[in-house]
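Below is input.txt, holding compact mmCIF, C-alpha atoms.
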# COMPACT_ATOMS: atom_id res chain seq x y z
CA MET A 1 32.26 9.19 21.67
CA SER A 2 32.80 6.36 24.13
CA ALA A 3 35.08 6.65 27.13
CA PHE A 4 37.14 3.82 25.67
CA THR A 5 37.89 5.94 22.62
CA SER A 6 38.81 8.92 24.80
CA SER A 7 41.46 6.88 26.57
CA ARG A 8 43.20 6.09 23.30
CA ARG A 9 42.90 9.69 22.20
CA HIS A 10 44.69 10.89 25.31
CA ARG A 11 47.53 8.41 24.94
CA ILE A 12 48.86 10.12 21.83
CA LEU A 13 48.27 13.49 23.48
CA ARG A 14 50.66 12.86 26.30
CA GLY A 15 52.82 10.24 24.71
CA ALA A 16 54.92 12.31 22.38
CA LEU A 17 54.86 15.48 20.32
CA GLY A 18 51.17 16.23 20.95
CA VAL A 19 51.68 16.98 24.62
CA THR A 20 54.73 18.98 23.78
CA LEU A 21 52.97 21.16 21.29
CA ALA A 22 49.73 22.10 23.00
CA THR A 23 47.97 21.49 26.27
CA GLY A 24 44.70 19.64 25.77
CA MET A 25 45.23 18.54 22.17
CA GLY A 26 43.17 15.42 21.48
CA ALA A 27 43.97 12.66 19.02
CA VAL A 28 42.60 9.19 18.37
CA LEU A 29 45.06 6.39 18.90
CA MET A 30 46.08 3.31 16.83
CA GLY A 31 51.10 -6.38 0.32
CA CYS A 32 50.24 -8.56 3.39
CA SER A 33 52.48 -11.60 3.58
CA GLU A 34 52.49 -13.51 6.83
CA SER A 35 54.87 -12.83 9.73
CA PRO A 36 54.27 -15.51 12.38
CA SER A 37 55.72 -15.43 15.88
CA HIS A 38 59.05 -17.07 16.65
CA GLY A 39 58.87 -20.75 17.30
CA THR A 40 55.50 -22.33 17.88
CA GLY A 41 53.06 -19.96 16.19
CA SER A 42 50.26 -21.51 14.17
CA PRO A 43 50.28 -21.07 10.38
CA ASP A 44 47.91 -18.11 10.48
CA GLY A 45 50.13 -16.28 12.97
CA ALA A 46 47.78 -16.59 15.94
CA ARG A 47 48.12 -18.96 18.85
CA PRO A 48 44.54 -19.88 19.83
CA SER A 49 43.84 -20.39 23.53
CA ALA A 50 41.71 -22.92 25.42
CA GLY A 51 42.88 -26.04 23.68
CA HIS A 52 42.25 -24.74 20.16
CA SER A 53 38.49 -24.81 20.65
CA ALA A 54 36.41 -23.71 17.69
CA ALA A 55 35.33 -20.49 19.41
CA ASN A 56 38.86 -19.46 20.29
CA THR A 57 40.21 -20.48 16.90
CA ALA A 58 37.59 -18.28 15.28
CA ALA A 59 38.42 -15.42 17.61
CA GLY A 60 42.13 -15.82 16.92
CA LYS A 61 41.56 -15.72 13.18
CA GLN A 62 39.36 -12.65 13.52
CA LEU A 63 41.95 -10.88 15.65
CA THR A 64 44.68 -11.82 13.16
CA GLY A 65 42.66 -10.28 10.35
CA LEU A 66 42.02 -7.12 12.34
CA ALA A 67 45.72 -6.87 13.29
CA GLN A 68 46.81 -7.10 9.66
CA LYS A 69 44.19 -4.56 8.66
CA ALA A 70 45.44 -2.19 11.37
CA ALA A 71 49.07 -2.67 10.31
CA ASP A 72 48.25 -1.93 6.68
CA ALA A 73 46.06 1.04 7.61
CA GLY A 74 48.86 2.84 9.45
CA SER A 75 49.73 0.98 12.65
CA LEU A 76 52.67 -0.50 10.67
CA GLY A 77 53.53 -3.16 13.24
CA VAL A 78 51.12 -4.73 15.72
CA ILE A 79 51.60 -7.27 18.51
CA VAL A 80 48.44 -8.62 20.13
CA ARG A 81 48.40 -11.00 23.07
CA VAL A 82 45.15 -12.09 24.72
CA ASP A 83 45.21 -14.32 27.80
CA THR A 84 41.73 -15.46 28.83
CA GLY A 85 43.11 -17.27 31.87
CA THR A 86 42.58 -20.74 30.43
CA GLY A 87 44.68 -22.60 27.91
CA LYS A 88 47.19 -21.02 25.56
CA PRO A 89 47.00 -17.26 24.97
CA VAL A 90 46.31 -15.89 21.50
CA GLU A 91 49.55 -14.32 20.26
CA ILE A 92 49.66 -12.37 17.01
CA ALA A 93 52.33 -10.35 15.20
CA ARG A 94 51.39 -8.50 12.01
CA GLN A 95 53.14 -5.76 10.07
CA ALA A 96 53.00 -3.68 6.91
CA ALA A 97 54.92 -5.36 4.10
CA TRP A 98 57.63 -2.70 3.72
CA THR A 99 58.63 -2.88 7.42
CA LYS A 100 59.88 -6.44 6.92
CA ASP A 101 62.97 -4.98 5.28
CA ASP A 102 63.84 -3.56 8.73
CA HIS A 103 62.75 -6.48 10.93
CA ARG A 104 60.43 -9.47 11.08
CA LEU A 105 57.99 -8.75 13.87
CA ALA A 106 57.31 -11.49 16.43
CA ALA A 107 54.83 -11.69 19.30
CA ASP A 108 57.62 -12.04 21.87
CA ASP A 109 59.69 -9.06 20.68
CA ARG A 110 60.83 -6.48 23.19
CA PHE A 111 58.94 -3.19 23.13
CA ARG A 112 59.19 0.24 24.78
CA VAL A 113 56.14 0.14 27.04
CA GLY A 114 56.48 3.81 27.98
CA SER A 115 53.98 5.13 30.50
CA ASN A 116 52.93 1.64 31.56
CA THR A 117 56.08 2.08 33.66
CA LYS A 118 54.07 4.41 35.92
CA THR A 119 52.11 1.44 37.24
CA LEU A 120 55.37 -0.29 38.15
CA THR A 121 56.78 2.84 39.80
CA ALA A 122 53.56 3.29 41.78
CA THR A 123 53.77 -0.34 42.91
CA LEU A 124 57.28 0.23 44.25
CA VAL A 125 56.13 3.35 46.10
CA LEU A 126 53.18 1.53 47.67
CA GLN A 127 55.44 -1.31 48.76
CA GLN A 128 57.49 1.29 50.65
CA VAL A 129 54.26 2.73 52.07
CA ALA A 130 53.35 -0.74 53.35
CA ASP A 131 56.79 -0.92 55.00
CA ASN A 132 56.25 2.52 56.61
CA LYS A 133 59.23 4.02 54.78
CA ILE A 134 57.17 6.44 52.67
CA GLY A 135 53.84 8.05 53.60
CA LEU A 136 51.17 8.91 51.05
CA GLU A 137 50.67 12.23 52.82
CA ASP A 138 54.40 13.00 52.98
CA THR A 139 55.20 16.23 51.18
CA VAL A 140 57.53 16.41 48.23
CA GLU A 141 59.50 19.03 50.14
CA LYS A 142 60.21 16.49 52.90
CA TRP A 143 61.88 14.14 50.42
CA LEU A 144 63.21 16.53 47.78
CA PRO A 145 63.85 19.85 49.54
CA GLY A 146 64.02 22.79 47.18
CA LEU A 147 63.70 20.66 44.06
CA VAL A 148 60.00 21.10 43.17
CA GLU A 149 58.32 24.49 43.25
CA GLY A 150 55.45 24.39 45.72
CA GLY A 151 56.66 21.04 47.02
CA GLN A 152 55.56 21.88 50.56
CA ASP A 153 51.92 21.62 49.39
CA ILE A 154 52.29 18.56 47.15
CA THR A 155 51.99 15.07 48.64
CA VAL A 156 53.20 11.69 47.41
CA ARG A 157 49.55 10.75 46.79
CA MET A 158 49.13 13.79 44.53
CA LEU A 159 52.17 12.79 42.51
CA LEU A 160 50.78 9.27 42.11
CA ASN A 161 47.32 10.33 40.91
CA HIS A 162 48.42 13.40 38.92
CA THR A 163 46.70 16.03 41.08
CA SER A 164 49.94 17.80 42.06
CA GLY A 165 49.34 20.97 40.06
CA LEU A 166 52.58 20.42 38.14
CA GLY A 167 52.65 20.86 34.40
CA ASP A 168 54.74 18.66 32.10
CA PHE A 169 58.29 19.27 30.94
CA LEU A 170 57.24 17.84 27.57
CA LEU A 171 55.59 21.21 26.90
CA THR A 172 58.82 23.16 27.24
CA PRO A 173 60.94 24.42 24.34
CA GLN A 174 64.02 23.18 26.22
CA PHE A 175 62.90 19.55 25.94
CA LEU A 176 61.18 19.42 22.53
CA PRO A 177 64.39 18.88 20.49
CA SER A 178 65.29 15.87 22.64
CA LEU A 179 61.80 14.39 22.35
CA THR A 180 61.91 14.52 18.56
CA GLY A 181 65.50 13.26 18.37
CA GLN A 182 66.82 16.49 16.88
CA GLU A 183 69.08 16.99 19.89
CA GLN A 184 71.12 14.20 21.46
CA ARG A 185 71.09 14.94 25.15
CA THR A 186 70.83 12.79 28.25
CA TRP A 187 68.46 14.40 30.75
CA THR A 188 68.55 13.70 34.47
CA PRO A 189 65.32 13.68 36.52
CA ARG A 190 66.51 16.76 38.41
CA GLU A 191 67.09 18.64 35.15
CA LEU A 192 63.61 17.71 33.94
CA LEU A 193 62.00 18.86 37.17
CA ALA A 194 63.93 22.13 36.88
CA VAL A 195 62.21 22.94 33.56
CA THR A 196 58.77 21.71 34.63
CA PRO A 197 56.19 24.53 34.67
CA ARG A 198 53.03 24.81 36.73
CA GLN A 199 49.76 23.73 35.15
CA ASP A 200 48.23 26.14 32.68
CA PRO A 201 45.74 27.34 33.84
CA PRO A 202 47.10 27.02 37.38
CA ALA A 203 45.49 24.57 39.80
CA GLU A 204 46.02 24.19 43.52
CA PRO A 205 47.61 20.87 44.54
CA GLY A 206 45.01 18.20 45.15
CA THR A 207 42.20 19.90 43.23
CA LYS A 208 42.48 18.78 39.62
CA TYR A 209 43.65 15.74 37.66
CA SER A 210 46.20 16.67 35.01
CA TYR A 211 48.58 14.04 33.65
CA SER A 212 52.26 14.94 34.02
CA ASN A 213 55.41 12.89 33.55
CA ALA A 214 57.12 15.20 36.06
CA ASN A 215 55.11 13.60 38.87
CA TYR A 216 56.79 10.26 38.27
CA GLU A 217 60.27 11.70 37.80
CA ALA A 218 59.85 13.05 41.35
CA LEU A 219 58.55 9.70 42.59
CA GLY A 220 61.60 7.93 41.18
CA LEU A 221 63.88 10.27 43.13
CA ILE A 222 61.83 9.75 46.30
CA LEU A 223 62.12 5.98 45.90
CA GLU A 224 65.88 6.17 45.55
CA LYS A 225 66.22 8.43 48.58
CA ALA A 226 63.92 6.30 50.75
CA THR A 227 65.62 3.01 49.91
CA GLY A 228 69.22 3.96 49.17
CA GLN A 229 68.98 1.91 45.97
CA THR A 230 68.88 2.87 42.31
CA LEU A 231 65.53 2.64 40.57
CA ALA A 232 66.87 -0.02 38.20
CA ASP A 233 68.01 -2.18 41.13
CA LEU A 234 64.64 -1.77 42.88
CA ILE A 235 62.79 -2.82 39.75
CA GLU A 236 64.90 -5.94 39.39
CA GLU A 237 64.77 -6.87 43.10
CA LYS A 238 61.08 -6.19 43.74
CA ILE A 239 59.39 -6.84 40.39
CA THR A 240 61.15 -8.34 37.41
CA LYS A 241 63.27 -11.01 39.12
CA PRO A 242 60.54 -12.36 41.47
CA LEU A 243 58.04 -12.50 38.60
CA GLY A 244 60.48 -14.04 36.12
CA MET A 245 60.23 -11.06 33.76
CA ASN A 246 63.47 -11.97 32.01
CA ASP A 247 62.92 -9.70 29.01
CA SER A 248 62.17 -6.51 30.95
CA TYR A 249 64.56 -3.74 31.99
CA LEU A 250 64.81 0.01 32.54
CA ALA A 251 66.29 1.73 29.49
CA THR A 252 69.45 3.71 30.21
CA GLY A 253 70.03 4.94 26.66
CA ALA A 254 68.91 4.52 23.07
CA GLY A 255 70.83 1.27 22.61
CA TRP A 256 69.14 -2.14 22.86
CA LYS A 257 70.30 -4.86 25.18
CA ALA A 258 71.39 -8.18 23.76
CA GLY A 259 68.70 -10.82 23.68
CA LYS A 260 65.32 -10.86 22.01
CA GLN A 261 64.64 -8.65 19.02
CA HIS A 262 63.51 -5.09 19.75
CA VAL A 263 60.54 -3.71 17.79
CA ARG A 264 61.44 -0.86 15.46
CA GLY A 265 59.23 2.21 15.81
CA TYR A 266 58.14 4.76 13.21
CA GLU A 267 56.52 8.18 13.02
CA PRO A 268 55.21 10.28 10.11
CA ASP A 269 57.75 12.61 8.53
CA ALA A 270 57.44 16.38 9.06
CA GLY A 271 55.09 16.85 6.11
CA ARG A 272 52.69 14.09 7.17
CA LEU A 273 52.90 15.15 10.80
CA LYS A 274 51.87 18.70 9.94
CA ALA A 275 48.89 17.40 7.98
CA ILE A 276 47.90 15.03 10.80
CA LEU A 277 47.92 17.84 13.37
CA SER A 278 46.37 20.45 11.06
CA GLY A 279 43.49 22.20 12.78
CA THR A 280 44.59 20.84 16.15
CA VAL A 281 47.80 22.69 16.83
CA ASP A 282 50.19 25.02 15.02
CA LEU A 283 53.51 23.26 14.67
CA PRO A 284 56.71 25.22 15.22
CA GLN A 285 58.66 25.66 12.01
CA ARG A 286 60.32 22.47 10.70
CA VAL A 287 59.31 20.38 13.71
CA GLY A 288 59.48 16.68 12.96
CA PHE A 289 61.07 13.48 14.16
CA ASP A 290 64.72 12.83 13.38
CA GLY A 291 65.81 9.49 11.99
CA PRO A 292 66.33 7.47 8.81
CA PRO A 293 63.61 8.06 6.20
CA ARG A 294 61.48 5.01 5.43
CA PRO A 295 58.82 4.24 2.79
CA LYS A 296 55.44 5.98 2.67
CA ASP A 297 56.72 9.18 4.33
CA ASN A 298 57.75 7.57 7.60
CA ILE A 299 60.76 8.10 9.87
CA ASP A 300 62.48 5.34 11.86
CA THR A 301 62.51 6.73 15.40
CA SER A 302 64.08 3.67 17.06
CA ALA A 303 67.34 5.51 17.80
CA ILE A 304 65.68 8.29 19.83
CA ASP A 305 66.85 7.95 23.43
CA PRO A 306 63.92 7.01 25.73
CA SER A 307 65.93 7.08 28.95
CA TRP A 308 64.66 10.56 29.87
CA SER A 309 61.31 8.95 30.69
CA TRP A 310 62.90 6.86 33.51
CA ALA A 311 60.37 6.26 36.31
CA ALA A 312 57.65 7.81 34.13
CA GLY A 313 58.13 5.59 31.09
CA GLY A 314 61.55 3.98 30.68
CA MET A 315 60.72 0.27 30.75
CA VAL A 316 61.41 -2.12 27.88
CA SER A 317 59.41 -5.34 28.08
CA THR A 318 57.38 -7.88 26.13
CA ALA A 319 53.64 -8.40 25.94
CA GLN A 320 53.88 -11.57 28.01
CA ASP A 321 56.18 -10.07 30.65
CA TRP A 322 54.02 -7.01 31.18
CA GLN A 323 50.81 -9.00 31.34
CA ARG A 324 52.47 -11.16 33.98
CA PHE A 325 53.29 -8.04 36.01
CA LEU A 326 49.85 -6.48 35.64
CA THR A 327 47.89 -9.60 36.55
CA ALA A 328 50.20 -10.27 39.52
CA LEU A 329 49.58 -6.74 40.74
CA VAL A 330 45.80 -6.59 40.32
CA SER A 331 45.29 -10.10 41.73
CA GLY A 332 47.01 -9.02 44.97
CA GLU A 333 50.39 -10.71 44.63
CA LEU A 334 52.54 -7.58 44.90
CA LEU A 335 50.74 -5.36 47.42
CA PRO A 336 48.84 -5.82 50.71
CA LYS A 337 45.06 -5.29 50.55
CA GLU A 338 45.21 -1.78 52.02
CA GLN A 339 47.71 -0.53 49.47
CA MET A 340 45.83 -2.23 46.63
CA LYS A 341 42.67 -0.47 47.81
CA GLN A 342 44.52 2.85 47.73
CA MET A 343 45.84 2.12 44.24
CA ARG A 344 42.31 1.46 42.95
CA THR A 345 40.89 4.63 44.54
CA THR A 346 40.47 6.85 41.52
CA VAL A 347 40.02 10.51 40.75
CA ASP A 348 37.77 11.50 37.89
CA ALA A 349 39.74 11.32 34.65
CA PRO A 350 37.32 11.13 31.70
CA GLU A 351 40.18 11.56 29.23
CA GLU A 352 41.48 8.20 30.48
CA GLY A 353 38.14 6.53 29.85
CA GLY A 354 37.09 6.38 33.49
CA GLY A 355 39.38 7.26 36.39
CA TYR A 356 43.01 7.37 37.49
CA GLY A 357 44.14 5.75 40.73
CA LEU A 358 47.68 5.58 42.06
CA GLY A 359 49.51 4.76 38.85
CA LEU A 360 46.62 2.64 37.57
CA MET A 361 43.87 3.54 35.08
CA LYS A 362 40.30 2.37 35.38
CA VAL A 363 38.92 2.16 31.84
CA ASP A 364 35.26 1.55 30.99
CA THR A 365 35.15 -0.37 27.71
CA PRO A 366 32.14 -1.48 25.64
CA CYS A 367 32.47 -4.94 27.20
CA GLY A 368 33.23 -4.03 30.82
CA THR A 369 35.71 -2.34 33.15
CA VAL A 370 39.43 -3.06 32.82
CA TRP A 371 42.49 -1.85 34.74
CA GLY A 372 45.92 -1.03 33.37
CA HIS A 373 47.68 1.79 31.55
CA THR A 374 48.52 3.14 28.12
CA CYS A 375 51.71 4.51 26.61
CA GLY A 376 53.05 6.69 23.88
CA LEU A 377 56.67 7.35 22.96
CA PRO A 378 58.12 8.33 19.58
CA GLY A 379 57.45 5.22 17.51
CA TYR A 380 55.65 3.23 20.20
CA SER A 381 52.14 3.11 21.66
CA SER A 382 50.34 0.45 23.64
CA GLU A 383 47.32 -0.49 25.70
CA ILE A 384 47.74 -3.20 28.34
CA TYR A 385 44.80 -4.18 30.55
CA THR A 386 43.58 -6.83 32.95
CA ASP A 387 40.14 -7.65 34.29
CA THR A 388 39.04 -6.55 37.76
CA GLY A 389 40.36 -9.70 39.43
CA GLY A 390 43.69 -9.82 37.62
CA HIS A 391 42.90 -13.18 36.01
CA ARG A 392 42.76 -12.22 32.32
CA SER A 393 44.71 -9.70 30.29
CA ILE A 394 45.41 -8.18 26.90
CA ALA A 395 48.28 -6.29 25.35
CA VAL A 396 48.09 -4.39 22.06
CA LEU A 397 51.49 -2.97 21.10
CA THR A 398 51.76 -0.67 18.08
CA ALA A 399 54.92 0.42 16.26
CA THR A 400 53.88 4.05 15.85
CA ASN A 401 52.21 6.76 17.90
CA PHE A 402 51.17 9.63 15.64
CA GLY A 403 50.73 7.34 12.65
CA ILE A 404 47.48 6.07 14.12
CA LYS A 405 45.89 9.49 14.40
CA GLU A 406 44.97 9.43 10.74
CA LYS A 407 41.30 8.54 10.31
CA THR A 408 41.62 5.13 8.66
CA ALA A 409 44.41 4.03 10.98
CA ALA A 410 42.52 5.21 14.08
CA SER A 411 39.41 3.30 13.08
CA ALA A 412 41.31 0.08 12.39
CA ASN A 413 43.27 0.34 15.66
CA LYS A 414 40.12 1.00 17.67
CA ALA A 415 38.40 -2.05 16.16
CA LEU A 416 41.39 -4.25 17.04
CA VAL A 417 41.69 -3.06 20.66
CA THR A 418 37.94 -3.33 21.23
CA LYS A 419 37.77 -6.87 19.81
CA ALA A 420 40.80 -7.98 21.83
CA THR A 421 39.39 -6.50 25.04
CA CYS A 422 35.96 -8.05 24.53
CA HIS A 423 37.51 -11.44 23.76
CA MET A 424 39.58 -11.21 26.94
CA LEU A 425 36.41 -10.47 28.92
CA GLY A 426 34.55 -13.36 27.27
CA LYS A 427 32.15 -11.16 25.32

Starting from the file, give its structure as structure tokens.
Amino acid sequence: MSAFTSSRRHRILRGALGVTLATGMGAVLMGCSESPSHGTGSPDGARPSAGHSAANTAAGKQLTGLAQKAADAGSLGVIVRVDTGTGKPVEIARQAAWTKDDHRLAADDRFRVGSNTKTLTATLVLQQVADNKIGLEDTVEKWLPGLVEGGQDITVRMLLNHTSGLGDFLLTPQFLPSLTGQEQRTWTPRELLAVTPRQDPPAEPGTKYSYSNANYEALGLILEKATGQTLADLIEEKITKPLGMNDSYLATGAGWKAGKQHVRGYEPDAGRLKAILSGTVDLPQRVGFDGPPRPKDNIDTSAIDPSWSWAAGGMVSTAQDWQRFLTALVSGELLPKEQMKQMRTTVDAPEEGGGYGLGLMKVDTPCGTVWGHTCGLPGYSSEIYTDTGGHRSIAVLTATNFGIKEKTAASANKALVTKATCHMLGK
């Protein structure tokens, strides 16, 4: 199995119910009438780049076909955007026929980008490091006294690269009902840290990579204490406003802001979910996602409140907006060279497909190395990458998380992401 495949497998693990149910559970991520993008999309739903050259037109058509195949195989809704750095990006929106009764998917729709938010949070932290307001070797106890068990031995760097020794609150029975939408509760970062366990098996801080959303909840609190500003205000002041990311914001509840359409997300119902996870984990009795039932044994999870994810995964954005952020970051626009070097210094994280830096994944794909992040929330999964220089980028946004663990769906999603990545890299 390639490292590229492992990265997608781990996204579903940590993104939603999989992480909650069992530590170390692996899973592979991601009638056909047309659904072109809003406005200027070409008739086949793809916007070819580089002046509509024959090569790019062919690639756009191939990606469109793969996107529709993935949607029909279980991805349900797929947005693909490939920017090769020259000419117009390829932009594709494809969906399973029955989902059109809920919404008509477009390439510029808003989407819950989940754990991609960690890259943004890490950028804000490193900006404060550059301004000498936060130190990478500062302890958590210095900033959040008494809030994190063992905080005197955990540094800001360890939070950023997931070597803190903290487990994940997603694994706790207290949080599971909120994750699945069965309980309507607004969690604060302090409440989530209070139910966060240590890693199982235990690991000393700084010794082992283990992905945990709790690390970034703590980082959000440190940012607010260091700056005296709310995280939402920091994001707008330092990132979204300067970069013109007009369709990006930090979710504060399950409701959607006025403006562009928001992608609807789906998950398998309890029966399908149990079959999907059979042999991987024993589900607690009657565990499933709450929401309106939809065709083909799916549940609409769009009303599940994502605001708990906050600094760890609370951003809503578009493919274009997030690619703009990621390329600006990796090309050196948002951080000084020293902080960018620190961000790219990785610890070994084979489950991510390569390594994990400070909020940034290094992923080794069949066509070359890319940098970015992945995400998984109930109803939403994505992979967003840029090349090493921050000149080219891709986004593949998928309107389900567990739905693409099924064999046929996983294969179709993998083929789409691989083709999009290789096209972005010119291979």

Counting only C-alpha atoms, the option among A:Thr386, A:Gln152, A:Thr252, A:Gln229 closest to Gly313 in chain A: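 Closest to Gly313 in chain A of all the choices is A:Thr252.
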
Between CA of Trp322 in chain A and CA of Asp108 in chain A, distance in Å (one decimal): 11.2 Å

One-decimal distance in Å that lies between CA of Ala275 in chain A and CA of Gly353 in chain A: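 Separation of CA of Gly353 in chain A and CA of Ala275 in chain A: 26.7 Å.
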
Counting all atoms listed in the file, the residue of A:Ala214, A:Ala194, A:Leu159, A:Leu335 that sits nearest Lys238 in chain A: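 Comparing A:Ala214, A:Ala194, A:Leu159, A:Leu335 against Lys238 in chain A, the winner is A:Leu335.
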
Please build the interface table for range 287-360 of chain A against range 110-113 of chain A with a cut-off of 8 Å, listing for each qualifying residue the nearest atom pair and the distance in Å to one decimal; count only C-alpha atoms, order rows by chain and increasing number, and write it as a tab-separated table.
residue	atom	partner	partner_atom	distance
A:Gly313	CA	A:Val113	CA	7.1
A:Gly314	CA	A:Arg112	CA	7.4
A:Met315	CA	A:Val113	CA	5.9
A:Val316	CA	A:Arg112	CA	4.5
A:Ser317	CA	A:Arg110	CA	5.2
A:Thr318	CA	A:Arg110	CA	4.7
A:Ala319	CA	A:Arg110	CA	7.9

Polymer residues at most 8 Å from Asn298 in chain A, all atoms listed in the file, same-chain spacing of 3 or more positions, as a PyMOL selection string: chain A and resi 266-269+293-295

Keeping C-alpha atoms, export the residues of the selection given above as a tab-separated table (two decimals), in the coordinates of the input.
chain	number	residue	atom	x	y	z
A	266	TYR	CA	58.14	4.76	13.21
A	267	GLU	CA	56.52	8.18	13.02
A	268	PRO	CA	55.21	10.28	10.11
A	269	ASP	CA	57.75	12.61	8.53
A	293	PRO	CA	63.61	8.06	6.20
A	294	ARG	CA	61.48	5.01	5.43
A	295	PRO	CA	58.82	4.24	2.79

Within 10 Å of Leu179 in chain A using all atoms listed in the file, minus same-chain residues under 6 positions, as a PyMOL selection string: chain A and resi 16-17+20+170+185+288-290+304-306+308-309+377-378

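With all atoms listed in the file as the basis for measurement, A:Asp109 is the residue among A:Gly403, A:Asp109, A:Ser115, A:His391 that approaches Gly259 in chain A most closely.
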
Which residue of A:Gly151, A:Lys142, A:Lys133, A:Arg157 approaches Gly228 in chain A most closely, using only C-alpha atoms: A:Lys133

Nearest candidate to Lys241 in chain A (options A:His162, A:Arg198, A:Arg324, A:Lys296; using only C-alpha atoms): A:Arg324

Counting only C-alpha atoms, the residue of A:Ile404, A:Gln128, A:His423, A:Leu221 that sits nearest Thr57 in chain A: A:His423

Shell of 8 Å around Gln68 in chain A, all atoms listed in the file, local chain residues under 6 positions omitted, as a PyMOL selection string: chain A and resi 32+78+94-96

Polymer residues at most 12 Å from (54.6, -10.4, 28.7) by all atoms listed in the file, as a PyMOL selection string: chain A and resi 79-83+89+91+107-111+113+240+243-248+316-328+384-385+393-397

Can you report as AutoDock Vina command-line options the centre and edge lengths in Å, to one decimal, of an axis-aligned box around the listed atoms of range 306-322 of chain A padded with 5 Å on each side?
--center_x 59.8 --center_y -0.5 --center_z 31.0 --size_x 22.3 --size_y 32.1 --size_z 20.6

Between CA of Lys69 in chain A and CA of Asp102 in chain A - distance in Å to one decimal: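 Interatomic distance here is 19.7 Å.
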
All residues 8 Å or closer to Tyr209 in chain A, only C-alpha atoms, same chain fewer than 5 positions away omitted, as a ChimeraX atom specification: /A:161-164,347-349

Residues near Cys375 in chain A, cut-off 6 Å, all atoms listed in the file, skip fewer than 3 positions along chain, as a list in words: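 My reading of the contact set: Arg11, Gly114, Ser115, Asn116, Ser381 and Ser382 of chain A.
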